[in-house]
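data.csv, holding CSV, C-alpha atoms:
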```csv
chain,number,residue,atom,x,y,z
A,291,ILE,CA,203.7,25.0,38.0
A,292,SER,CA,201.0,24.3,40.6
A,293,SER,CA,200.9,24.2,44.4
A,294,VAL,CA,202.6,27.5,44.8
A,295,CYS,CA,202.2,29.4,48.1
A,296,GLN,CA,200.4,32.7,48.2
A,297,GLY,CA,202.5,35.6,49.5
A,298,LEU,CA,205.9,34.1,48.3
A,299,ARG,CA,208.0,35.3,45.4
A,300,TYR,CA,209.3,32.8,42.8
A,301,SER,CA,212.0,32.9,40.3
A,302,VAL,CA,212.8,30.3,37.6
A,303,ALA,CA,216.0,29.1,35.9
A,304,LEU,CA,216.0,26.6,32.9
A,305,ALA,CA,218.4,23.9,31.7
A,306,VAL,CA,218.2,22.0,28.4
A,307,GLY,CA,219.0,18.3,28.1
A,308,ASN,CA,219.7,15.9,25.3
A,309,GLU,CA,221.3,12.4,24.9
A,310,ALA,CA,224.7,14.0,25.6
A,311,GLY,CA,223.7,15.6,28.8
A,312,TRP,CA,222.4,18.8,30.4
A,313,SER,CA,223.3,22.4,29.7
A,314,PRO,CA,224.1,24.8,32.5
A,315,TYR,CA,221.2,26.5,34.0
A,316,SER,CA,220.2,29.9,32.7
A,317,PRO,CA,220.2,32.9,34.9
A,318,PHE,CA,217.1,33.2,37.1
A,319,CYS,CA,214.3,35.3,35.7
A,320,ARG,CA,212.9,38.3,37.6
A,321,ARG,CA,211.0,37.2,40.7
A,322,VAL,CA,207.2,37.2,40.6
A,323,ALA,CA,204.9,37.3,43.5
A,324,VAL,CA,201.9,35.0,44.0
A,325,ASP,CA,200.0,37.7,45.9
A,326,ALA,CA,197.2,40.2,45.8
A,327,PRO,CA,198.0,43.5,44.0
A,328,PRO,CA,199.5,46.4,45.9
A,329,ALA,CA,196.9,48.6,47.6
A,330,PRO,CA,196.0,51.7,45.5
A,331,ALA,CA,196.7,55.2,46.9
A,332,PRO,CA,193.7,56.9,48.6
A,333,PRO,CA,191.3,58.2,45.9
A,334,SER,CA,190.5,61.8,45.2
A,335,LEU,CA,186.9,63.1,45.5
A,336,LYS,CA,185.4,66.0,43.5
A,337,ILE,CA,181.9,67.3,43.8
A,338,VAL,CA,180.1,67.2,40.4
A,339,ASP,CA,176.7,68.6,41.3
A,340,VAL,CA,174.1,68.6,44.2
A,341,ARG,CA,173.8,64.7,44.0
A,342,SER,CA,177.0,63.5,42.6
A,343,ILE,CA,180.7,63.0,43.4
A,344,GLU,CA,183.5,61.9,41.0
A,345,ILE,CA,186.0,59.4,42.5
A,346,THR,CA,189.4,59.1,40.9
A,347,TRP,CA,192.3,56.8,41.6
A,348,VAL,CA,195.8,55.8,40.3
A,349,ARG,CA,196.6,52.3,39.2
A,350,PRO,CA,198.9,50.7,41.7
A,351,ALA,CA,202.5,50.2,40.6
A,352,SER,CA,203.4,46.6,39.6
A,353,ASP,CA,205.3,44.6,42.2
A,354,GLY,CA,205.5,41.4,40.2
A,355,SER,CA,202.1,40.1,41.4
A,356,PRO,CA,199.4,39.1,38.8
A,357,ALA,CA,197.9,42.0,37.0
A,358,VAL,CA,194.9,43.9,38.4
A,359,ASN,CA,191.7,42.6,36.7
A,360,SER,CA,189.1,44.8,38.4
A,361,TYR,CA,188.4,47.5,41.0
A,362,GLY,CA,185.7,48.0,43.6
A,363,VAL,CA,184.6,51.3,45.2
A,364,SER,CA,183.1,51.7,48.6
A,365,ILE,CA,181.7,54.9,50.2
A,366,ALA,CA,181.2,55.7,53.9
A,367,VAL,CA,178.4,58.1,54.8
A,368,SER,CA,178.4,60.0,58.1
A,369,ARG,CA,180.6,57.4,59.7
A,370,ALA,CA,177.6,55.1,60.1
A,371,CYS,CA,176.8,53.6,56.7
A,372,LEU,CA,179.0,51.7,54.2
A,373,LEU,CA,177.9,51.4,50.6
A,374,TYR,CA,179.3,49.7,47.6
A,375,TYR,CA,179.3,50.9,44.0
A,376,ASP,CA,177.6,48.5,41.5
A,377,ALA,CA,179.2,48.9,38.0
A,378,VAL,CA,176.2,47.5,36.2
A,379,SER,CA,173.4,49.6,37.7
A,380,GLY,CA,175.4,52.6,38.8
A,381,ALA,CA,173.7,52.3,42.2
A,382,LEU,CA,175.2,52.1,45.7
A,383,LEU,CA,174.4,48.8,47.4
A,384,PRO,CA,174.6,47.8,51.1
A,385,ASP,CA,176.1,44.4,50.3
A,386,ALA,CA,179.5,44.2,48.7
A,387,LYS,CA,178.8,40.7,47.3
A,388,GLU,CA,176.0,42.1,45.1
A,389,ALA,CA,178.2,45.0,43.7
A,390,HIS,CA,179.7,44.2,40.3
A,391,PRO,CA,183.3,45.4,40.0
A,392,LEU,CA,184.7,48.0,37.6
A,393,PRO,CA,187.0,46.8,34.8
A,394,ALA,CA,190.8,47.2,35.1
A,395,ASP,CA,191.0,50.0,32.6
A,396,LYS,CA,188.8,52.3,34.8
A,397,THR,CA,190.4,54.9,37.1
A,398,SER,CA,187.4,57.0,37.9
A,399,VAL,CA,183.6,56.8,38.4
A,400,VAL,CA,180.8,59.3,39.1
A,401,VAL,CA,178.6,58.2,42.0
A,402,SER,CA,175.1,59.7,42.1
A,403,GLY,CA,172.1,59.6,44.4
A,404,LEU,CA,174.0,61.3,47.2
A,405,SER,CA,172.5,63.6,49.8
A,406,PRO,CA,173.5,67.3,50.4
A,407,GLY,CA,174.9,68.0,53.9
A,408,ALA,CA,176.2,64.5,54.5
A,409,PRO,CA,180.0,63.9,54.8
A,410,TYR,CA,181.3,61.3,52.3
A,411,LYS,CA,184.6,59.5,52.0
A,412,ALA,CA,185.7,56.7,49.7
A,413,ARG,CA,188.2,53.9,49.2
A,414,VAL,CA,189.2,51.7,46.3
A,415,VAL,CA,190.0,47.9,46.3
A,416,ALA,CA,192.3,46.5,43.6
A,417,MET,CA,191.7,42.8,42.7
A,418,ASN,CA,193.5,40.1,40.7
A,419,ILE,CA,193.3,36.4,40.4
A,420,VAL,CA,194.9,35.9,43.8
A,421,GLY,CA,193.1,38.4,46.1
A,422,SER,CA,192.5,42.1,46.8
A,423,LYS,CA,193.8,45.0,48.8
A,424,TYR,CA,192.0,48.2,49.8
A,425,SER,CA,193.4,51.7,49.7
A,426,ALA,CA,193.2,54.0,52.7
A,427,TRP,CA,190.2,56.3,52.9
A,428,SER,CA,190.0,59.5,51.0
A,429,ASP,CA,189.6,62.9,52.5
A,430,ILE,CA,186.0,63.8,53.5
A,431,VAL,CA,183.9,65.9,51.2
A,432,THR,CA,180.4,67.4,51.9
A,433,ILE,CA,177.9,68.6,49.3
A,434,GLN,CA,176.9,72.0,50.8
A,435,PRO,CA,176.0,75.6,50.1
A,436,PRO,CA,178.8,78.0,49.0
A,437,PRO,CA,180.9,79.8,51.5
A,438,SER,CA,180.2,83.4,52.3
A,439,PRO,CA,181.5,85.8,49.8
A,440,GLU,CA,184.3,88.2,50.7
A,441,LYS,CA,183.0,91.5,52.0
A,442,PRO,CA,182.0,93.9,49.2
A,443,THR,CA,183.5,97.2,48.2
A,444,VAL,CA,181.4,100.3,47.9
A,445,ARG,CA,182.3,103.2,45.7
A,446,ILE,CA,180.4,106.5,45.7
A,447,LEU,CA,179.2,107.6,42.3
A,448,SER,CA,177.1,110.6,43.4
A,449,SER,CA,175.4,111.8,46.5
A,450,THR,CA,172.5,109.4,45.7
A,451,SER,CA,174.2,106.5,44.0
A,452,VAL,CA,177.0,103.9,44.6
A,453,GLN,CA,178.6,100.9,43.0
A,454,VAL,CA,178.8,97.8,45.1
A,455,SER,CA,181.3,95.1,43.9
A,456,TRP,CA,182.5,91.7,45.2
A,457,PRO,CA,184.7,88.8,44.1
A,458,THR,CA,182.8,85.9,42.6
A,459,VAL,CA,182.7,82.7,44.7
A,460,GLN,CA,184.2,79.5,43.3
A,461,HIS,CA,182.5,76.4,44.6
A,462,GLN,CA,181.0,73.0,43.7
A,463,PRO,CA,178.1,72.7,43.3
A,464,ARG,CA,178.6,75.9,41.4
A,465,VAL,CA,177.1,79.2,42.5
A,466,THR,CA,173.9,80.1,40.7
A,467,GLY,CA,173.3,83.6,42.0
A,468,TYR,CA,173.8,86.3,44.6
A,469,SER,CA,171.8,88.5,46.9
A,470,LEU,CA,172.7,92.0,47.9
A,471,MET,CA,171.6,93.4,51.3
A,472,VAL,CA,172.3,97.0,52.2
A,473,GLN,CA,171.8,99.2,55.2
A,474,GLU,CA,170.8,102.7,54.2
A,475,GLY,CA,170.8,104.8,57.4
A,476,SER,CA,169.1,102.5,59.9
A,477,THR,CA,167.0,100.6,57.3
A,478,LEU,CA,167.8,97.2,55.9
A,479,LYS,CA,166.9,96.8,52.2
A,480,TYR,CA,167.5,94.2,49.4
A,481,TYR,CA,168.4,94.7,45.8
A,482,ASP,CA,165.7,93.8,43.3
A,483,THR,CA,167.0,92.5,40.0
A,484,VAL,CA,163.7,93.4,38.2
A,485,SER,CA,163.3,97.0,39.2
A,486,ARG,CA,167.1,97.5,39.8
A,487,GLY,CA,166.1,99.3,43.0
A,488,LEU,CA,165.9,98.4,46.8
A,489,LYS,CA,163.1,96.7,48.6
A,490,VAL,CA,162.4,96.4,52.3
A,491,ASP,CA,161.0,92.9,51.9
A,492,ALA,CA,163.3,90.2,50.4
A,493,ALA,CA,160.4,87.7,49.8
A,494,GLY,CA,160.0,86.8,46.2
A,495,LEU,CA,163.1,88.6,45.0
A,496,LYS,CA,165.2,86.8,42.3
A,497,PRO,CA,168.9,86.3,42.8
A,498,LEU,CA,171.4,88.3,40.8
A,499,PRO,CA,172.9,86.1,38.0
A,500,SER,CA,176.0,84.0,38.9
A,501,ASP,CA,178.3,86.0,36.5
A,502,THR,CA,177.4,89.3,38.3
A,503,ASN,CA,180.1,90.8,40.6
A,504,PHE,CA,178.8,94.4,40.8
A,505,VAL,CA,175.6,96.5,40.8
A,506,TYR,CA,174.8,100.2,40.7
A,507,VAL,CA,172.5,101.3,43.5
A,508,GLN,CA,170.6,104.5,42.8
A,509,GLY,CA,168.0,106.6,44.5
A,510,LEU,CA,169.7,106.8,47.8
A,511,ARG,CA,169.4,109.7,50.3
A,512,SER,CA,172.2,112.2,50.3
A,513,GLY,CA,174.0,112.3,53.7
A,514,ASP,CA,173.0,108.8,54.8
A,515,LYS,CA,175.4,106.2,55.9
A,516,PHE,CA,175.6,103.2,53.6
A,517,LYS,CA,177.0,99.6,53.9
A,518,ALA,CA,176.4,96.4,52.1
A,519,ARG,CA,176.6,92.6,52.4
A,520,VAL,CA,176.5,89.8,49.8
A,521,ALA,CA,175.3,86.2,49.9
A,522,ALA,CA,175.7,83.4,47.4
A,523,VAL,CA,173.4,80.5,46.5
A,524,ASN,CA,173.7,77.2,44.7
A,525,ASP,CA,171.3,74.2,44.2
A,526,VAL,CA,171.9,73.2,47.9
A,527,GLY,CA,171.0,76.5,49.4
A,528,TRP,CA,172.2,80.0,50.5
A,529,SER,CA,175.5,80.9,52.1
A,530,ARG,CA,175.6,83.2,55.1
A,531,TYR,CA,175.9,86.9,54.2
A,532,SER,CA,179.4,88.3,53.9
A,533,GLU,CA,180.9,90.7,56.4
A,534,ARG,CA,179.7,94.2,56.1
A,535,SER,CA,181.5,96.5,53.7
A,536,GLU,CA,183.2,99.6,55.1
A,537,THR,CA,180.6,102.3,56.0
A,538,ILE,CA,180.5,105.2,53.6
A,539,VAL,CA,178.6,108.5,53.9
A,540,LEU,CA,176.7,109.5,50.8
A,541,THR,CA,178.3,112.8,49.7
A,542,VAL,CA,179.3,114.1,46.4
A,543,PRO,CA,182.7,112.5,45.5
A,544,PRO,CA,185.6,114.9,44.9
A,545,GLU,CA,186.3,115.8,41.3
A,546,MET,CA,189.1,114.0,39.6
A,547,PRO,CA,192.2,116.2,39.1
```

Please go through the file and, once you have read it, give me the structure as structure tokens.
Amino acid sequence: ISSVCQGLRYSVALAVGNEAGWSPYSPFCRRVAVDAPPAPAPPSLKIVDVRSIEITWVRPASDGSPAVNSYGVSIAVSRACLLYYDAVSGALLPDAKEAHPLPADKTSVVVSGLSPGAPYKARVVAMNIVGSKYSAWSDIVTIQPPPSPEKPTVRILSSTSVQVSWPTVQHQPRVTGYSLMVQEGSTLKYYDTVSRGLKVDAAGLKPLPSDTNFVYVQGLRSGDKFKARVAAVNDVGWSRYSERSETIVLTVPPEMP
């Protein structure tokens, strides 16, 4: 049947004829729409690494319109630049007409070549032989340094040593290390992972490994006040230092009963 109108729904009934006459018409079939597919729900964004984001969406439910045959993905950067994902090269292009669509069986794609610190959001367009419809925009994500760790806990081991511990930071891009800054009396010092001691100058010090959540600090001065802060780092950069721990005075801890 040709010359149908886009946007209308159609249903068909059939009758059979012979030399004796016509049969009654059959019941009408389920209505079908000659229309673009329903708009997908807004996609979800997940940071993969310092330059990549994974965009995931759900296939739109069928409403009787022709099946989806492809998808397009577009990304807005800093509210000023709109780019389109090209399924052939994997690049982001400024012209939607040059961007090859994704096949209908795809429901996710990893977009690379992004910039740390820029806010990104995405939307998906579902296409069929009639037309296309865009989803609403996703939530905004930004590839950035990790948040500050929670403030550390300090436990006295002796009059000259303590244990400093903190919860690990979960973040994408993943945390690659930590820095421990302490205040011993009135002096700021930094934990050195090589000597396992404290240095006045942080320059050149390597971060603690990412799976570290405590260190032992030794060689302190008995009677001094002591407090600590922790920062986390990833491939984007350093977080701010955490809040200071509770201040403790380096004295001999009481014996356990």

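For Val306 (chain A), the list of residues within 10 Å, based on only C-alpha atoms and with local chain neighbours fewer than 6 positions off taken out, reads Trp312, Ser313, Pro314, Tyr315 and Ser316 of chain A.
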
Within 6 Å of region 404-415 of chain A, counting all atoms listed in the file, which residues show up once you throw out same-chain ones fewer than 2 positions away? Write them as an MDAnalysis selection string, please. chainID A and resid 341:342 361:368 402 423:425 427:428 430:434

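Distance annotation: of A:Ser476, A:Asn308, A:Asn418, A:Ser334, the residue with the minimal separation from Ser355 (chain A) is A:Asn418; atom set is only C-alpha atoms.
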
By how many Å are CA of Thr502 (chain A) and CA of Ile446 (chain A) apart?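 These two atoms are separated by 19.0 Å.
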
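Going from CA of Tyr480 (chain A) to CA of Trp456 (chain A) covers 15.8 Å.
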
Contacts of region 516-524 of chain A within 10 Å, all atoms listed in the file, excl. fewer than 4 positions in-chain, as a ChimeraX atom specification: /A:339-340,434-444,446,452,454-456,458-459,461-480,497-498,500,503,510-511,528-540

Pick the closest to Asp385 (chain A) from A:Leu372, A:Cys319, A:Leu488, A:Leu335: which is it, counting only C-alpha atoms? A:Leu372

Do you know which residues are at most 7 Å from Met417 (chain A) counting all atoms listed in the file, after dropping those on the same chain fewer than 6 positions away, and could you put them as a list in words?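 Neighbouring residues, sequence-local ones excluded: Ala326, Pro327, Val358, Asn359, Ser360, Tyr361 and Lys423 of chain A.
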
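Here CA of Asp429 (chain A) stands at a distance of 14.7 Å from CA of Pro330 (chain A).
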
Between A:Tyr506, A:Pro333, A:Glu388, A:Ala357, which has the minimum distance to Ile419 (chain A) (counting only C-alpha atoms)?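 For Ile419 (chain A), the nearest of the candidates is A:Ala357.
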
Please determine, counting all atoms listed in the file, which residue among A:Asp491, A:Asp325, A:Glu344, A:Asp501 has the shortest atom-to-atom distance to Ser422 (chain A).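 Comparing A:Asp491, A:Asp325, A:Glu344, A:Asp501 against Ser422 (chain A), the winner is A:Asp325.
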
Neighbours of Gln508 (chain A) within 10 Å (all atoms listed in the file; same-chain residues fewer than 5 positions away dropped), as number ranges by chain? A: 447-453, 486-488
